[in-house]
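target27.cif (mmCIF, C-alpha atoms and all ligand atoms) appears below.
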```cif
data_data
loop_
_atom_site.label_atom_id
_atom_site.label_comp_id
_atom_site.auth_asym_id
_atom_site.auth_seq_id
_atom_site.Cartn_x
_atom_site.Cartn_y
_atom_site.Cartn_z
CA MET Y 10 -5.37 -12.06 -40.38
CA SER Y 11 -7.34 -9.09 -39.05
CA SER Y 12 -11.13 -9.23 -39.11
CA ARG Y 13 -13.02 -5.99 -39.72
CA HIS Y 14 -16.74 -5.70 -38.98
CA ALA Y 15 -19.34 -3.08 -39.83
CA PRO Y 16 -19.59 -0.42 -37.04
CA TRP Y 17 -23.03 -1.69 -35.94
CA VAL Y 18 -21.45 -5.03 -34.93
CA GLY Y 19 -19.34 -3.20 -32.29
CA TRP Y 20 -22.42 -1.39 -30.93
CA PHE Y 21 -24.41 -4.60 -30.90
CA ARG Y 22 -21.67 -6.23 -28.79
CA VAL Y 23 -21.66 -3.30 -26.36
CA MET Y 24 -25.47 -3.50 -25.98
CA LEU Y 25 -25.24 -7.25 -25.43
CA VAL Y 26 -22.61 -6.83 -22.72
CA LEU Y 27 -24.71 -4.10 -21.10
CA ALA Y 28 -27.86 -6.21 -21.22
CA ARG Y 29 -26.03 -9.17 -19.64
CA ARG Y 30 -24.64 -6.95 -16.92
CA MET Y 31 -27.95 -5.19 -16.26
CA GLN Y 32 -29.88 -8.43 -15.80
CA PRO Y 33 -28.51 -9.43 -12.38
CA HIS Y 34 -28.44 -5.77 -11.35
CA LEU Y 35 -32.17 -5.39 -11.92
CA ALA Y 36 -32.83 -8.31 -9.64
CA MET Y 37 -30.27 -7.13 -7.12
CA SER Y 38 -31.24 -3.47 -6.91
CA ARG Y 39 -34.40 -4.54 -5.08
CA SER Y 40 -32.51 -6.62 -2.60
CA ARG Y 41 -31.32 -5.14 0.63
CA THR Y 42 -29.68 -6.63 3.68
CA SER Y 43 -31.71 -7.14 6.85
CA GLU Y 44 -30.17 -3.87 8.14
CA GLY Y 45 -31.59 -2.06 5.13
CA ARG Y 46 -28.22 -1.69 3.43
CA ARG Y 47 -28.05 -2.25 -0.31
CA ARG Y 48 -26.75 -5.64 -1.36
CA LEU Y 49 -23.96 -5.21 -3.86
CA GLY Y 50 -22.46 -7.79 -6.16
CA PRO Y 51 -21.59 -8.72 -9.72
CA GLY Y 52 -23.83 -6.80 -12.09
CA THR Y 53 -24.66 -3.86 -9.82
CA ILE Y 54 -24.22 -0.67 -11.84
CA LEU Y 55 -23.42 2.53 -9.98
CA GLN Y 56 -24.56 5.82 -11.44
CA GLY Y 57 -25.25 4.04 -14.74
CA ARG Y 58 -21.52 3.81 -15.34
CA TYR Y 59 -19.54 1.49 -13.06
CA CYS Y 60 -20.53 -2.15 -13.31
CA LEU Y 61 -19.27 -4.21 -10.35
CA GLU Y 62 -17.70 -7.49 -11.40
CA ARG Y 63 -16.30 -9.12 -8.27
CA LEU Y 64 -15.41 -8.35 -4.67
CA LEU Y 65 -11.68 -7.83 -4.43
CA ALA Y 66 -11.07 -7.14 -0.77
CA GLN Y 67 -12.66 -5.88 2.37
CA GLY Y 68 -10.75 -3.44 4.58
CA GLY Y 69 -11.67 -2.04 7.98
CA LEU Y 70 -13.80 0.74 6.51
CA GLY Y 71 -14.60 -0.21 2.94
CA ALA Y 72 -15.17 -2.99 0.43
CA VAL Y 73 -13.32 -2.80 -2.88
CA PHE Y 74 -14.73 -4.26 -6.10
CA VAL Y 75 -13.20 -4.77 -9.53
CA ALA Y 76 -15.55 -3.01 -11.94
CA ALA Y 77 -15.95 -2.10 -15.59
CA ASP Y 78 -16.22 1.56 -16.48
CA LEU Y 79 -18.91 1.46 -19.15
CA VAL Y 80 -17.89 4.86 -20.48
CA SER Y 81 -14.12 4.48 -20.83
CA TYR Y 82 -14.13 0.64 -21.11
CA GLN Y 83 -11.40 0.52 -18.47
CA THR Y 84 -11.22 -1.91 -15.60
CA VAL Y 85 -11.34 0.11 -12.39
CA ALA Y 86 -11.51 -0.48 -8.64
CA VAL Y 87 -14.61 0.81 -6.82
CA LYS Y 88 -14.63 1.35 -3.06
CA VAL Y 89 -17.86 1.50 -1.08
CA PRO Y 90 -18.14 2.14 2.67
CA LEU Y 91 -18.78 -0.50 5.31
CA THR Y 92 -18.99 2.02 8.14
CA ARG Y 93 -22.20 2.09 10.10
CA GLY Y 94 -23.51 5.10 11.93
CA VAL Y 95 -21.94 7.63 9.55
CA ALA Y 96 -24.27 9.57 7.27
CA PRO Y 97 -23.79 8.65 3.56
CA GLU Y 98 -23.44 12.37 2.71
CA GLN Y 99 -20.52 12.63 5.12
CA ILE Y 100 -18.76 9.65 3.51
CA ALA Y 101 -19.51 11.00 0.02
CA GLN Y 102 -17.98 14.31 1.09
CA ARG Y 103 -14.91 12.49 2.41
CA TYR Y 104 -14.55 10.48 -0.84
CA ARG Y 105 -14.79 13.72 -2.83
CA TYR Y 106 -12.16 15.33 -0.63
CA GLU Y 107 -9.84 12.35 -1.23
CA ALA Y 108 -10.39 12.52 -5.00
CA LEU Y 109 -9.76 16.27 -5.04
CA THR Y 110 -6.66 16.05 -2.85
CA MET Y 111 -5.17 13.12 -4.76
CA ALA Y 112 -5.84 14.76 -8.15
CA ALA Y 113 -2.84 16.99 -7.38
CA VAL Y 114 -0.56 13.95 -7.05
CA ARG Y 115 0.27 11.79 -10.06
CA HIS Y 116 2.95 9.18 -9.53
CA PRO Y 117 3.56 5.64 -10.79
CA ASN Y 118 3.76 4.39 -7.20
CA ILE Y 119 0.44 5.91 -6.16
CA VAL Y 120 -2.95 4.49 -7.07
CA GLN Y 121 -4.80 7.12 -9.03
CA VAL Y 122 -8.21 8.22 -7.73
CA LEU Y 123 -10.44 8.71 -10.78
CA ASP Y 124 -13.86 9.69 -9.51
CA ALA Y 125 -16.12 9.93 -6.48
CA GLY Y 126 -19.89 9.86 -6.55
CA GLN Y 127 -23.12 8.73 -4.94
CA ASP Y 128 -25.68 6.27 -6.25
CA GLY Y 129 -28.87 6.82 -4.27
CA ASP Y 130 -27.76 6.51 -0.66
CA LEU Y 131 -24.50 4.74 -1.57
CA PRO Y 132 -21.31 6.82 -1.79
CA PHE Y 133 -18.47 5.31 -3.81
CA GLN Y 134 -14.98 6.06 -4.99
CA VAL Y 135 -13.40 4.96 -8.27
CA MET Y 136 -9.69 4.22 -8.56
CA GLN Y 137 -7.20 2.85 -11.02
CA TYR Y 138 -7.28 -0.93 -10.62
CA VAL Y 139 -3.91 -2.37 -9.58
CA PRO Y 140 -3.70 -6.15 -9.92
CA GLY Y 141 -1.49 -7.83 -7.34
CA LYS Y 142 -1.46 -8.59 -3.64
CA THR Y 143 -0.79 -6.42 -0.64
CA VAL Y 144 2.67 -6.30 0.90
CA LYS Y 145 0.95 -7.52 4.10
CA ALA Y 146 -0.12 -10.66 2.23
CA LEU Y 147 3.40 -11.05 0.83
CA ILE Y 148 4.87 -10.89 4.36
CA HIS Y 149 2.21 -13.30 5.61
CA ASP Y 150 2.88 -15.77 2.76
CA SER Y 151 6.62 -15.80 3.42
CA CYS Y 152 6.03 -16.26 7.18
CA GLU Y 153 3.79 -19.24 6.37
CA ARG Y 154 6.73 -20.78 4.53
CA ARG Y 155 8.88 -19.97 7.56
CA ARG Y 156 10.89 -17.51 5.56
CA THR Y 157 11.44 -13.77 5.60
CA LEU Y 158 11.62 -11.34 2.70
CA GLY Y 159 15.13 -10.90 1.28
CA LEU Y 160 16.78 -7.56 1.91
CA SER Y 161 16.88 -6.86 -1.85
CA VAL Y 162 13.08 -7.33 -2.11
CA VAL Y 163 12.50 -5.18 0.97
CA SER Y 164 14.69 -2.41 -0.39
CA ALA Y 165 12.95 -2.56 -3.81
CA ILE Y 166 9.54 -2.18 -2.11
CA LEU Y 167 10.76 0.57 0.20
CA ARG Y 168 12.31 2.56 -2.66
CA GLN Y 169 9.02 2.67 -4.56
CA VAL Y 170 6.81 3.43 -1.57
CA ALA Y 171 9.24 6.16 -0.50
CA ALA Y 172 9.15 7.71 -3.99
CA GLY Y 173 5.33 7.72 -3.94
CA LEU Y 174 5.14 9.19 -0.43
CA ASP Y 175 7.71 11.89 -1.17
CA ALA Y 176 5.66 12.86 -4.25
CA MET Y 177 2.60 13.20 -2.02
CA HIS Y 178 4.56 15.29 0.48
CA GLU Y 179 5.90 17.54 -2.26
CA GLY Y 180 2.26 18.05 -3.28
CA GLY Y 181 1.45 19.10 0.31
CA VAL Y 182 -0.41 15.89 1.16
CA VAL Y 183 0.05 13.53 4.13
CA HIS Y 184 -1.09 9.93 3.55
CA GLY Y 185 -1.81 9.24 7.21
CA ASP Y 186 -2.22 5.46 7.02
CA VAL Y 187 1.03 4.01 5.66
CA LYS Y 188 1.16 0.26 6.35
CA PRO Y 189 1.88 -2.96 4.40
CA SER Y 190 -1.84 -3.62 3.77
CA ASN Y 191 -2.05 -0.30 1.93
CA MET Y 192 0.74 -1.23 -0.49
CA ILE Y 193 -0.10 -3.34 -3.55
CA ILE Y 194 2.67 -5.29 -5.24
CA ASP Y 195 2.51 -7.12 -8.58
CA SER Y 196 4.49 -10.08 -9.92
CA GLU Y 197 7.09 -7.73 -11.41
CA LEU Y 198 7.68 -6.15 -8.01
CA HIS Y 199 5.99 -2.89 -8.96
CA VAL Y 200 4.44 -1.32 -5.87
CA ALA Y 201 1.61 1.23 -5.56
CA ILE Y 202 0.26 2.91 -2.43
CA CYS Y 203 -3.52 2.79 -1.98
CA ASP Y 204 -6.16 3.77 0.61
CA PHE Y 205 -6.49 7.51 0.97
CA GLY Y 206 -9.06 7.35 3.75
CA LEU Y 207 -6.87 9.49 6.03
CA VAL Y 208 -5.15 11.77 3.52
CA ARG Y 209 -4.89 15.35 4.59
CA SER Y 210 -3.77 18.37 2.69
CA VAL Y 211 -1.32 20.28 4.89
CA GLY Y 212 0.44 22.33 2.22
CA ALA Y 213 0.01 26.03 1.53
CA GLY Y 214 -3.64 26.88 2.24
CA GLY Y 215 -4.62 23.21 2.53
CA GLY Y 216 -4.09 23.16 6.29
CA THR Y 217 -6.97 25.57 6.77
CA VAL Y 218 -9.51 23.23 5.12
CA PRO Y 219 -10.04 20.31 7.50
CA PRO Y 220 -11.34 17.20 5.73
CA PRO Y 221 -14.56 15.70 7.04
CA GLU Y 222 -13.61 12.93 9.44
CA VAL Y 223 -14.97 9.43 8.96
CA GLY Y 224 -14.07 6.67 11.40
CA VAL Y 225 -12.65 6.96 14.86
CA LEU Y 226 -8.89 6.45 14.58
CA GLY Y 227 -6.42 8.85 13.04
CA GLY Y 228 -4.31 5.93 11.84
CA THR Y 229 -3.74 2.24 12.44
CA PRO Y 230 -2.36 1.86 16.01
CA LEU Y 231 0.43 -0.59 15.05
CA TYR Y 232 1.98 1.94 12.68
CA VAL Y 233 0.93 5.28 14.09
CA ALA Y 234 3.54 7.93 14.99
CA PRO Y 235 3.88 8.98 18.65
CA GLU Y 236 3.11 12.65 17.93
CA LEU Y 237 -0.30 11.62 16.65
CA LEU Y 238 -1.04 9.64 19.81
CA LEU Y 239 -0.08 12.70 21.84
CA GLY Y 240 -2.15 15.01 19.65
CA ALA Y 241 0.91 17.25 19.25
CA GLU Y 242 0.65 20.21 16.87
CA LEU Y 243 3.78 20.13 14.69
CA PRO Y 244 5.40 22.83 12.55
CA PRO Y 245 4.32 22.42 8.88
CA LYS Y 246 7.61 20.85 7.72
CA GLN Y 247 7.39 18.10 10.32
CA ARG Y 248 3.79 17.06 9.55
CA TYR Y 249 4.97 14.73 6.79
CA LEU Y 250 7.22 12.85 9.19
CA ARG Y 251 4.33 10.81 10.58
CA ASP Y 252 4.33 9.00 7.21
CA SER Y 253 8.05 8.31 7.41
CA TYR Y 254 7.55 6.88 10.93
CA SER Y 255 4.83 4.55 9.61
CA LEU Y 256 7.12 3.63 6.71
CA GLY Y 257 9.79 2.76 9.28
CA ALA Y 258 7.29 0.54 11.14
CA SER Y 259 6.36 -1.12 7.82
CA LEU Y 260 10.06 -1.63 7.04
CA TYR Y 261 10.50 -3.37 10.39
CA GLU Y 262 7.57 -5.67 9.61
CA MET Y 263 8.93 -6.50 6.15
CA LEU Y 264 12.28 -7.39 7.69
CA THR Y 265 11.11 -9.40 10.68
CA GLY Y 266 7.54 -10.49 9.93
CA GLN Y 267 5.86 -8.35 12.59
CA PRO Y 268 5.43 -4.65 13.41
CA PRO Y 269 7.87 -3.16 15.94
CA PHE Y 270 5.39 -2.70 18.79
CA VAL Y 271 2.78 -5.37 19.28
CA GLY Y 272 0.50 -6.05 22.24
CA ARG Y 273 -2.72 -7.72 23.28
CA THR Y 274 -4.57 -4.52 24.12
CA LEU Y 275 -4.66 -1.06 22.57
CA ASP Y 276 -2.97 0.31 25.73
CA GLU Y 277 -0.08 -2.15 25.32
CA ILE Y 278 0.29 -1.32 21.62
CA VAL Y 279 0.39 2.45 22.06
CA ARG Y 280 2.86 2.24 24.97
CA GLY Y 281 5.48 1.11 22.43
CA PRO Y 282 5.72 4.17 20.18
CA LEU Y 283 5.43 6.48 23.19
CA LEU Y 284 7.76 4.88 25.75
CA VAL Y 285 9.63 1.80 24.51
CA PRO Y 286 12.88 2.02 22.50
CA PRO Y 287 12.58 0.42 19.01
CA PRO Y 288 13.31 -3.33 19.18
CA ARG Y 289 16.49 -4.67 17.59
CA GLY Y 290 15.85 -6.21 14.19
CA VAL Y 291 18.87 -8.52 14.46
CA ASP Y 292 17.40 -10.12 17.62
CA ARG Y 293 14.47 -11.36 15.54
CA ARG Y 294 16.49 -12.02 12.42
CA PRO Y 295 20.21 -12.65 12.98
CA ASP Y 296 21.08 -12.72 9.25
CA LEU Y 297 20.38 -8.98 8.94
CA PRO Y 298 23.37 -6.63 8.76
CA ALA Y 299 23.90 -5.24 12.28
CA ALA Y 300 23.77 -1.66 10.93
CA ILE Y 301 20.06 -2.11 10.11
CA ASP Y 302 19.28 -1.42 13.77
CA ALA Y 303 20.64 2.11 13.54
CA VAL Y 304 18.41 2.70 10.49
CA VAL Y 305 15.32 1.39 12.31
CA VAL Y 306 16.13 3.42 15.45
CA ARG Y 307 16.34 6.62 13.38
CA ALA Y 308 13.20 5.82 11.35
CA LEU Y 309 11.23 5.16 14.55
CA ALA Y 310 12.63 8.07 16.58
CA LYS Y 311 10.03 9.39 19.02
CA ALA Y 312 10.96 13.00 18.18
CA PRO Y 313 10.03 13.78 14.54
CA ALA Y 314 13.10 16.04 14.14
CA GLN Y 315 15.40 13.06 14.78
CA ARG Y 316 13.95 10.97 11.94
CA TYR Y 317 15.10 10.83 8.32
CA ARG Y 318 14.06 14.10 6.67
CA SER Y 319 12.40 12.35 3.75
CA CYS Y 320 11.18 8.85 2.94
CA GLU Y 321 13.81 8.70 0.19
CA GLN Y 322 16.58 9.20 2.76
CA LEU Y 323 15.29 6.21 4.71
CA SER Y 324 15.13 4.11 1.55
CA LEU Y 325 18.66 5.18 0.51
CA ALA Y 326 19.99 4.06 3.89
CA VAL Y 327 18.43 0.61 3.38
CA ASP Y 328 19.69 0.50 -0.24
CA GLN Y 329 23.23 1.12 0.94
CA LEU Y 330 23.00 -1.69 3.49
CA GLU Y 331 21.56 -4.01 0.87
CA GLN Y 332 24.39 -3.27 -1.56
CA LEU Y 333 26.96 -3.73 1.20
CA SER Y 334 25.51 -7.06 2.25
CA ARG Y 335 25.31 -8.19 -1.41
CA ARG Y 336 29.01 -7.35 -1.88
CA ARG Y 337 29.86 -9.16 1.37
CA ARG Y 338 27.93 -12.24 0.27
CA ALA Y 339 29.68 -12.22 -3.15
CA ALA Y 340 33.10 -11.87 -1.45
CA HIS Y 341 32.18 -14.68 0.96
CA ARG Y 342 31.18 -16.95 -1.96
CA SER Y 343 34.41 -16.34 -3.88
CA GLU Y 344 36.42 -16.96 -0.70
CA GLU Y 345 34.57 -20.28 -0.26
CA ARG Y 346 35.37 -21.20 -3.87
CA ARG Y 347 39.04 -20.31 -3.42
CA ARG Y 348 39.22 -22.43 -0.25
CA SER Y 349 37.51 -25.32 -2.00
CA LEU Y 350 40.08 -25.12 -4.85
CA ASP Y 351 42.95 -24.97 -2.31
CA ARG Y 352 41.56 -28.17 -0.77
CA GLY Y 353 41.66 -29.80 -4.22
CA GLY Y 354 37.92 -29.52 -4.83
CA THR Y 355 36.40 -29.10 -8.28
CA MET Y 356 35.93 -25.68 -9.78
CA PRO Y 357 32.34 -24.48 -10.10
CA TYR Y 358 31.10 -24.91 -13.69
CA GLY Y 359 31.29 -21.29 -14.89
CA ILE Y 360 34.79 -20.72 -13.54
CA ALA Y 361 36.19 -23.93 -15.04
CA GLU Y 362 34.76 -22.97 -18.45
CA ARG Y 363 36.25 -19.51 -18.32
CA ALA Y 364 39.60 -20.85 -17.12
CA SER Y 365 39.81 -23.28 -20.09
CA GLU Y 366 38.90 -20.44 -22.46
CA LEU Y 367 41.71 -18.31 -21.07
CA CYS Y 368 44.38 -21.04 -21.31
N1 LIG Y 401 -7.06 0.51 -6.47
C1 LIG Y 401 -6.98 -0.73 -6.02
N2 LIG Y 401 -6.65 -1.75 -6.84
C2 LIG Y 401 -6.57 -3.01 -6.35
N3 LIG Y 401 -6.83 -3.36 -5.07
C3 LIG Y 401 -7.18 -2.38 -4.21
C4 LIG Y 401 -7.27 -1.03 -4.63
N4 LIG Y 401 -7.63 -0.28 -3.56
C5 LIG Y 401 -7.74 -1.13 -2.54
N5 LIG Y 401 -7.48 -2.39 -2.90
C6 LIG Y 401 -7.54 -3.58 -2.06
O1 LIG Y 401 -8.60 -3.44 -1.14
C7 LIG Y 401 -8.11 -3.49 0.22
C8 LIG Y 401 -8.93 -2.57 1.08
O2 LIG Y 401 -8.87 -1.25 0.53
P1 LIG Y 401 -8.59 0.00 1.45
O3 LIG Y 401 -7.29 -0.21 2.13
O4 LIG Y 401 -8.73 1.22 0.62
O5 LIG Y 401 -9.82 -0.13 2.46
P2 LIG Y 401 -9.96 0.29 3.96
O6 LIG Y 401 -11.24 -0.28 4.43
O7 LIG Y 401 -9.80 1.77 4.08
O8 LIG Y 401 -8.75 -0.42 4.65
P3 LIG Y 401 -8.24 -0.36 6.15
O9 LIG Y 401 -8.36 -1.77 6.62
O10 LIG Y 401 -6.83 0.06 5.93
O11 LIG Y 401 -9.04 0.62 6.90
C9 LIG Y 401 -6.63 -3.13 0.10
O12 LIG Y 401 -5.91 -3.68 1.17
C10 LIG Y 401 -6.27 -3.76 -1.22
O13 LIG Y 401 -6.08 -5.15 -1.06
MG MG Y 402 -6.43 -0.10 3.86
#
```
Taking this structure as input, can you express it in the form of structure tokens?
Ligand SMILES: Nc1ncnc2c1ncn2[C@@H]1O[C@H](COP(=O)(O)OP(=O)(O)OP(=O)(O)O)[C@@H](O)[C@H]1O
Ligand SMILES: [Mg+2]
Amino acid sequence: MSSRHAPWVGWFRVMLVLARRMQPHLAMSRSRTSEGRRRLGPGTILQGRYCLERLLAQGGLGAVFVAADLVSYQTVAVKVPLTRGVAPEQIAQRYRYEALTMAAVRHPNIVQVLDAGQDGDLPFQVMQYVPGKTVKALIHDSCERRRTLGLSVVSAILRQVAAGLDAMHEGGVVHGDVKPSNMIIDSELHVAICDFGLVRSVGAGGGTVPPPEVGVLGGTPLYVAPELLLGAELPPKQRYLRDSYSLGASLYEMLTGQPPFVGRTLDEIVRGPLLVPPPRGVDRRPDLPAAIDAVVVRALAKAPAQRYRSCEQLSLAVDQLEQLSRRRRAAHRSEERRRSLDRGGTMPYGIAERASELC
């Protein structure tokens, strides 16, 4: 039975929700941290529109909240900076650049940036909210259970991230910070790429407009491509290949539980991409098909021209290996069954049923 109310009932509800949400905000807007930074939390309303509901996660540079958009009634994600020593105007400018750059890219595997603004001295960015956990957390959880991600799960994640990244590249945009903690996965295995803090437009005309830089690193050292560490200036077509290198490093982590080059100091970490050949995946995980090593070696090639030409090509190579290993496993299982029958064992349930149907 559907219940219909007079229109004023709907408005009354909206006002009630607003009043409830405003109440803690009014108390909170006066409160600041000892360093003079604004204290944010449930009930804070930014620019009279985005009402923070709960803290979702804290990255290296920003905190991300789940929020209600009081204009569109959508649930959104709002990112605010944690960086100290950078002028709010500079961060606001960076957030606007990210929103503008990402507006050109719409893809189901890319988190959509909806808005960027400033509330007093607080810059913020509004994104589509993607429920789920990061692929980093997924890897961590399976390591905790002393397991690794199955090749079919890894190839499903890779396929989606590759599709999203290729869409960015076709739009002339480099992500610049591809890593498992910037991939969000939901319970149906749908994956979306987030965190556009290092995006850069390198397509036609875009390369001449440098984005304002915030932060000190041009990427996360564990995943960063060697050409970036060397500060090499690449021809336009090869600029996208830094993302495919980082995708290769993320692939290696999904397969083995840790990035390809690890170390205790920054010097040790950056030696890897520059000087050390990619480690063999099968050494860390013997159940992997041996051919995976050739895929990893090509994905992590020091020279950009030797890598896969697109992220999709890398994901296709892993798909093929996954299908091959699935067929091998199926053949192995039916061989086991045949041997068991030869030894006078019982037929597995499904086969016995089908055999009696056929007779
Ligand atoms: N749109 C979103 N929907 C849901 N969760 C999100 C969204 N954007 C970010 N997150 C979560 O917030 C975390 C931090 O966000 P983000 O990576 O953008 O911040 P950061 O400070 O730039 O991170 P980093 O540590 O990579 O520098 C992500 O790892 C993810 O868990
Ligand atoms: Mg991040």
**Request:** Tell me, as a list in words, which residues lie within 9 Å of Thr229 of chain Y, counting all atoms listed in the file; anything in the same chain fewer than 3 positions away does not count.
**Result:**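 Selected residues are Gly185, Asp186, Val187, Lys188, Leu226, Tyr232 and Val233 of chain Y.
The smallest atom-to-atom distance between Pro269 of chain Y and any of Y:Leu64, Y:Ile301, Y:Leu131, Y:Leu231, using all atoms listed in the file, is found for Y:Leu231.
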**Request:** May I ask which of the residues Y:Asn191, Y:Gln121, Y:Gln134, Y:Ser151 is the closest one to ligand MG 402 (chain Y), counting only C-alpha atoms and all ligand atoms?
**Result:**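 When distances to ligand MG 402 (chain Y) are compared using only C-alpha atoms and all ligand atoms, the smallest one comes from Y:Asn191.
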**Item:** Atom-to-atom span, atom CA of Glu262 of chain Y and atom CA of Ala172 of chain Y, Å
**Value:**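 Interatomic distance, atom CA of Glu262 of chain Y to atom CA of Ala172 of chain Y: 19.1 Å.
Counting only C-alpha atoms, Val73 of chain Y has the following residues at most 7 Å away, ignoring those fewer than 4 positions along the same chain: Y:Leu64, Y:Leu65, Y:Ala66, Y:Gln67, Y:Ala86, Y:Val87, Y:Lys88, Y:Val89.
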**Closest of Y:Arg346, Y:His178, Y:Ser190, Y:Arg209 to Ile148 of chain Y - atom-to-atom distances counting all atoms listed in the file** =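 Of Y:Arg346, Y:His178, Y:Ser190, Y:Arg209, the one nearest Ile148 of chain Y is Y:Ser190, counting all atoms listed in the file.
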**Message:** Neighbours of ligand LIG 401 (chain Y) at 6 Å or closer, counting all atoms listed in the file: which residues, as number ranges by chain?
**Reply:** Y: 66-71, 73, 86, 120, 136-140, 143, 190-191, 203-204, 206
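Here the question is which of Y:Arg48, Y:His184, Y:His116, Y:Arg168 gets nearest to ligand MG 402 (chain Y) using only C-alpha atoms and all ligand atoms, and that residue is Y:His184.
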When you look at Leu160 of chain Y with a cut-off of 10 Å (counting all atoms listed in the file), what residues show up, excluding the ones that are within fewer than 2 positions of it in the same chain? I need them as a PDB file with C-alpha atoms, in the frame of the given file.
```pdb
ATOM      1  CA  THR Y 157      11.440 -13.770   5.600  1.00  0.00           C
ATOM      2  CA  LEU Y 158      11.620 -11.340   2.700  1.00  0.00           C
ATOM      3  CA  VAL Y 162      13.080  -7.330  -2.110  1.00  0.00           C
ATOM      4  CA  VAL Y 163      12.500  -5.180   0.970  1.00  0.00           C
ATOM      5  CA  SER Y 164      14.690  -2.410  -0.390  1.00  0.00           C
ATOM      6  CA  ALA Y 165      12.950  -2.560  -3.810  1.00  0.00           C
ATOM      7  CA  ILE Y 166       9.540  -2.180  -2.110  1.00  0.00           C
ATOM      8  CA  MET Y 263       8.930  -6.500   6.150  1.00  0.00           C
ATOM      9  CA  LEU Y 264      12.280  -7.390   7.690  1.00  0.00           C
ATOM     10  CA  ASP Y 296      21.080 -12.720   9.250  1.00  0.00           C
ATOM     11  CA  LEU Y 297      20.380  -8.980   8.940  1.00  0.00           C
ATOM     12  CA  PRO Y 298      23.370  -6.630   8.760  1.00  0.00           C
ATOM     13  CA  VAL Y 327      18.430   0.610   3.380  1.00  0.00           C
ATOM     14  CA  ASP Y 328      19.690   0.500  -0.240  1.00  0.00           C
ATOM     15  CA  LEU Y 330      23.000  -1.690   3.490  1.00  0.00           C
ATOM     16  CA  GLU Y 331      21.560  -4.010   0.870  1.00  0.00           C
ATOM     17  CA  GLN Y 332      24.390  -3.270  -1.560  1.00  0.00           C
ATOM     18  CA  SER Y 334      25.510  -7.060   2.250  1.00  0.00           C
ATOM     19  CA  ARG Y 335      25.310  -8.190  -1.410  1.00  0.00           C
TER      20      ARG Y 335
END
```
**Message:** I'd like the interatomic distance between atom CA of Gly266 of chain Y and atom CA of Cys152 of chain Y, to a tenth of an Å.
**Reply:**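 Separating atom CA of Gly266 of chain Y from atom CA of Cys152 of chain Y is a distance of 6.6 Å.
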**Asked** Counting all atoms listed in the file, which of Y:Ala314, Y:Leu309, Y:Leu207, Y:Leu250 gets nearest to ligand MG 402 (chain Y)?
**Response**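 Among Y:Ala314, Y:Leu309, Y:Leu207, Y:Leu250, it is Y:Leu207 that comes nearest to ligand MG 402 (chain Y).
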Give, as AutoDock Vina command-line options, the centre coordinates and the x, y and z edge lengths in Å to one decimal for an axis-aligned box around all listed atoms of segment 193-205 of chain Y, padded by 4 Å on each side.
```
--center_x 0.6 --center_y -1.3 --center_z -5.2 --size_x 22.2 --size_y 25.6 --size_z 20.4
```
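For the pair atom CA of Leu167 of chain Y and atom CA of Arg289 of chain Y, the separation is 19.0 Å.
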**Request:** May I ask which of the residues Y:Glu344, Y:Pro313, Y:Pro230, Y:Tyr104 is the closest one to Asp276 of chain Y, counting only C-alpha atoms?
**Result:** Y:Pro230
**Prompt:** Which protein, DNA or RNA residues have an atom at most 10 Å from (-11.5, 12.2, -1.5), counting all atoms listed in the file? List them as a ChimeraX atom specification.
**Reply:** /Y:100-112,122-125,134,205-209,220-221
**Request:** Might you pull out every residue within 8 Å of segment 303-306 of chain Y, with all atoms listed in the file counted and same-chain residues fewer than 6 positions away left off, and present them as a list in words?
**Result:** Gly257, Tyr261, Pro286, Pro287, Gly290, Leu323, Ala326 and Val327 of chain Y
